[in-house]
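Novice: Structure below; questions to follow.
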Amino acid sequence: MASITKFTAILLISLVFTFLVHIFFLHYLDYPLFENKIIEAYLVNFALAILIYTSLFLLKEKYLEQLGFIFMFGSMIKFIVFFIFFNPSYKLDGNSSTLEFTSFFIPYAICLIFETLGIIKFLKN
């Protein structure tokens, strides 16, 4: 369980830092700061990353050979969440802007990187 706590803490710190940098650039470029569900995107990606990592950590002993498929299933869940909860509001005006895309994709990418590195770390042990 210490691994899950450590993963959560590192991911949280990384996402908070990324969020602050993201907001700084939006402010610097004179874009709206808290539109495009940016806060929801960071929170949802954080929660899903913890859920996926915890699931993989708890299942690693019993389902070691299937962990890759379980990981891909977790990614599929993230895409489903995106298409159900984020994409409809992004498409209200008929297209998705770069700001809408980055609002979701930046926290998604950060979480994916940390999930992948975390999984690689505990698979090596």
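Going through the structure tokens in order, the chains are called A, B, and so on, while each chain numbers its residues from 1 and the ligands are numbered from 1 in the order shown.
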Tell me, as a compact mmCIF listing (two decimals) with N, CA and C atoms, in the first residue's frame, which residues lie within 12 Å of Asn36 of chain A, counting only C-alpha atoms; anything in the same chain fewer than 3 positions away does not count.

Specialist:
# COMPACT_ATOMS: atom_id res chain seq x y z
N LEU A 26 -2.12 30.02 -20.01
CA LEU A 26 -3.42 30.55 -20.44
C LEU A 26 -3.52 32.04 -20.10
N TYR A 31 -5.96 33.95 -22.50
CA TYR A 31 -7.09 33.05 -22.73
C TYR A 31 -7.86 32.89 -21.42
N PRO A 32 -9.11 32.49 -21.51
CA PRO A 32 -9.87 32.24 -20.27
C PRO A 32 -9.21 31.12 -19.46
N LEU A 33 -9.13 31.32 -18.17
CA LEU A 33 -8.38 30.38 -17.33
C LEU A 33 -9.14 29.10 -16.99
N ILE A 39 -10.67 22.16 -14.84
CA ILE A 39 -10.56 21.62 -13.48
C ILE A 39 -11.10 20.20 -13.44
N GLU A 40 -12.25 19.99 -14.08
CA GLU A 40 -12.83 18.65 -14.13
C GLU A 40 -11.90 17.67 -14.82
N ALA A 41 -11.23 18.12 -15.88
CA ALA A 41 -10.33 17.25 -16.62
C ALA A 41 -9.16 16.80 -15.74
N TYR A 42 -8.59 17.71 -14.99
CA TYR A 42 -7.49 17.36 -14.10
C TYR A 42 -7.97 16.41 -13.00
N PHE A 85 -18.47 12.55 -21.11
CA PHE A 85 -18.57 13.72 -20.25
C PHE A 85 -17.90 14.99 -20.78
N PHE A 86 -16.90 14.86 -21.63
CA PHE A 86 -16.18 16.04 -22.08
C PHE A 86 -16.48 16.39 -23.54
N ASN A 87 -16.42 15.43 -24.40
CA ASN A 87 -16.58 15.69 -25.83
C ASN A 87 -17.90 16.38 -26.18
N PRO A 88 -19.05 15.99 -25.59
CA PRO A 88 -20.29 16.69 -25.96
C PRO A 88 -20.24 18.20 -25.70
N SER A 89 -19.67 18.61 -24.59
CA SER A 89 -19.60 20.05 -24.32
C SER A 89 -18.56 20.73 -25.20
N TYR A 90 -17.52 20.00 -25.59
CA TYR A 90 -16.52 20.56 -26.48
C TYR A 90 -17.08 20.74 -27.89
N LYS A 91 -18.03 19.92 -28.26
CA LYS A 91 -18.59 19.96 -29.62
C LYS A 91 -19.85 20.83 -29.72
N LEU A 92 -20.25 21.49 -28.65
CA LEU A 92 -21.47 22.31 -28.68
C LEU A 92 -21.46 23.35 -29.80
N SER A 96 -14.08 21.23 -32.01
CA SER A 96 -13.26 21.23 -30.80
C SER A 96 -12.06 22.14 -31.03
N SER A 97 -11.85 23.08 -30.15
CA SER A 97 -10.72 24.00 -30.29
C SER A 97 -9.46 23.40 -29.66
N THR A 98 -8.36 24.04 -29.95
CA THR A 98 -7.09 23.63 -29.35
C THR A 98 -7.14 23.76 -27.83
N LEU A 99 -7.78 24.82 -27.34
CA LEU A 99 -7.89 25.01 -25.90
C LEU A 99 -8.69 23.90 -25.25
N GLU A 100 -9.77 23.48 -25.90
CA GLU A 100 -10.57 22.37 -25.37
C GLU A 100 -9.74 21.08 -25.37
N PHE A 101 -9.04 20.84 -26.46
CA PHE A 101 -8.22 19.64 -26.57
C PHE A 101 -7.14 19.60 -25.49
N THR A 102 -6.43 20.70 -25.33
CA THR A 102 -5.34 20.71 -24.35
C THR A 102 -5.86 20.66 -22.91
N SER A 103 -7.06 21.18 -22.68
CA SER A 103 -7.63 21.11 -21.34
C SER A 103 -7.79 19.67 -20.87
N PHE A 104 -8.12 18.79 -21.78
CA PHE A 104 -8.24 17.38 -21.40
C PHE A 104 -6.94 16.62 -21.63
N PHE A 105 -6.26 16.87 -22.75
CA PHE A 105 -5.13 16.04 -23.13
C PHE A 105 -3.91 16.22 -22.23

Novice: I need the residues of chain A that end up classed as helix (DSSP H, G or I) by DSSP on the backbone, written out as number ranges by chain.

Specialist: A: 2-28, 38-59, 64-90, 98-124

Novice: Can you work out the spacing between atom CA of Val16 of chain A and atom CA of Ile84 of chain A in Å, to one decimal?

Specialist: 24.8 Å

Novice: Residues near Ile113 of chain A, anyone? I mean within 10 Å using only C-alpha atoms, not counting same-chain ones fewer than 6 positions away, as a list in words.

Specialist: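 Non-adjacent residues within range: Leu11, Ala49, Pro107 and Ile119 of chain A.
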
Novice: Of the candidates A:Leu48, A:Leu64, A:Ala2, A:Leu117, which shows the shortest atom-to-atom distance to Val81 of chain A, using only C-alpha atoms?

Specialist: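 Nearest candidate to Val81 of chain A out of A:Leu48, A:Leu64, A:Ala2, A:Leu117: A:Leu48.
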
Novice: Which one of A:Ile110, A:Leu56, A:Leu51, A:Leu29 sits closest to Phe122 of chain A if you count only C-alpha atoms?

Specialist: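 Selected residue with least distance to Phe122 of chain A: A:Leu56.
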
Novice: At what distance in Å, to one decimal, does atom CA of Cys111 of chain A lie from atom CA of Val21 of chain A?

Specialist: 15.6 Å

Novice: Do you know which residues are at most 12 Å from Leu58 of chain A counting only C-alpha atoms, after dropping those on the same chain fewer than 2 positions away, and could you put them as a PyMOL selection string?

Specialist: chain A and resi 1+3-4+50-56+60-64+67+70+119+122

Novice: Take the residues just selected and output them with C-alpha atoms as a PDB file, in the first residue's frame.

Specialist:
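The resulting file, result23.pdb, is shown below:
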ATOM      1  CA  MET A   1       0.000   0.000   0.000  1.00  0.00           C
ATOM      2  CA  SER A   3       3.481   2.111  -3.315  1.00  0.00           C
ATOM      3  CA  ILE A   4      -0.072   3.339  -3.935  1.00  0.00           C
ATOM      4  CA  ILE A  50      -5.247   6.291  -9.180  1.00  0.00           C
ATOM      5  CA  LEU A  51      -8.038   3.799  -9.834  1.00  0.00           C
ATOM      6  CA  ILE A  52      -6.150   2.163 -12.695  1.00  0.00           C
ATOM      7  CA  TYR A  53      -2.807   2.078 -10.859  1.00  0.00           C
ATOM      8  CA  THR A  54      -4.405   0.699  -7.689  1.00  0.00           C
ATOM      9  CA  SER A  55      -6.270  -1.955  -9.655  1.00  0.00           C
ATOM     10  CA  LEU A  56      -3.125  -3.039 -11.442  1.00  0.00           C
ATOM     11  CA  LYS A  60      -0.411  -7.946 -10.273  1.00  0.00           C
ATOM     12  CA  GLU A  61       0.121 -11.168  -8.304  1.00  0.00           C
ATOM     13  CA  LYS A  62      -2.915 -13.044  -9.556  1.00  0.00           C
ATOM     14  CA  TYR A  63      -3.111 -11.699 -13.131  1.00  0.00           C
ATOM     15  CA  LEU A  64       0.501 -10.880 -13.998  1.00  0.00           C
ATOM     16  CA  LEU A  67      -1.758  -6.767 -16.745  1.00  0.00           C
ATOM     17  CA  ILE A  70      -6.038  -4.605 -17.837  1.00  0.00           C
ATOM     18  CA  ILE A 119       3.556  -0.015 -13.685  1.00  0.00           C
ATOM     19  CA  PHE A 122       6.444  -2.574  -9.958  1.00  0.00           C
TER      20      PHE A 122
END

Novice: So, with only C-alpha atoms as the atoms that count, which of A:Phe24, A:Phe46, A:Ile106, A:Ile120 lies closest to Phe71 of chain A?

Specialist: A:Ile120

Novice: From the set A:Ser75, A:Gln66, A:Gly94, A:Thr8, which residue has the shortest atom-to-atom contact distance to Ala47 of chain A, counting only C-alpha atoms?

Specialist: A:Thr8
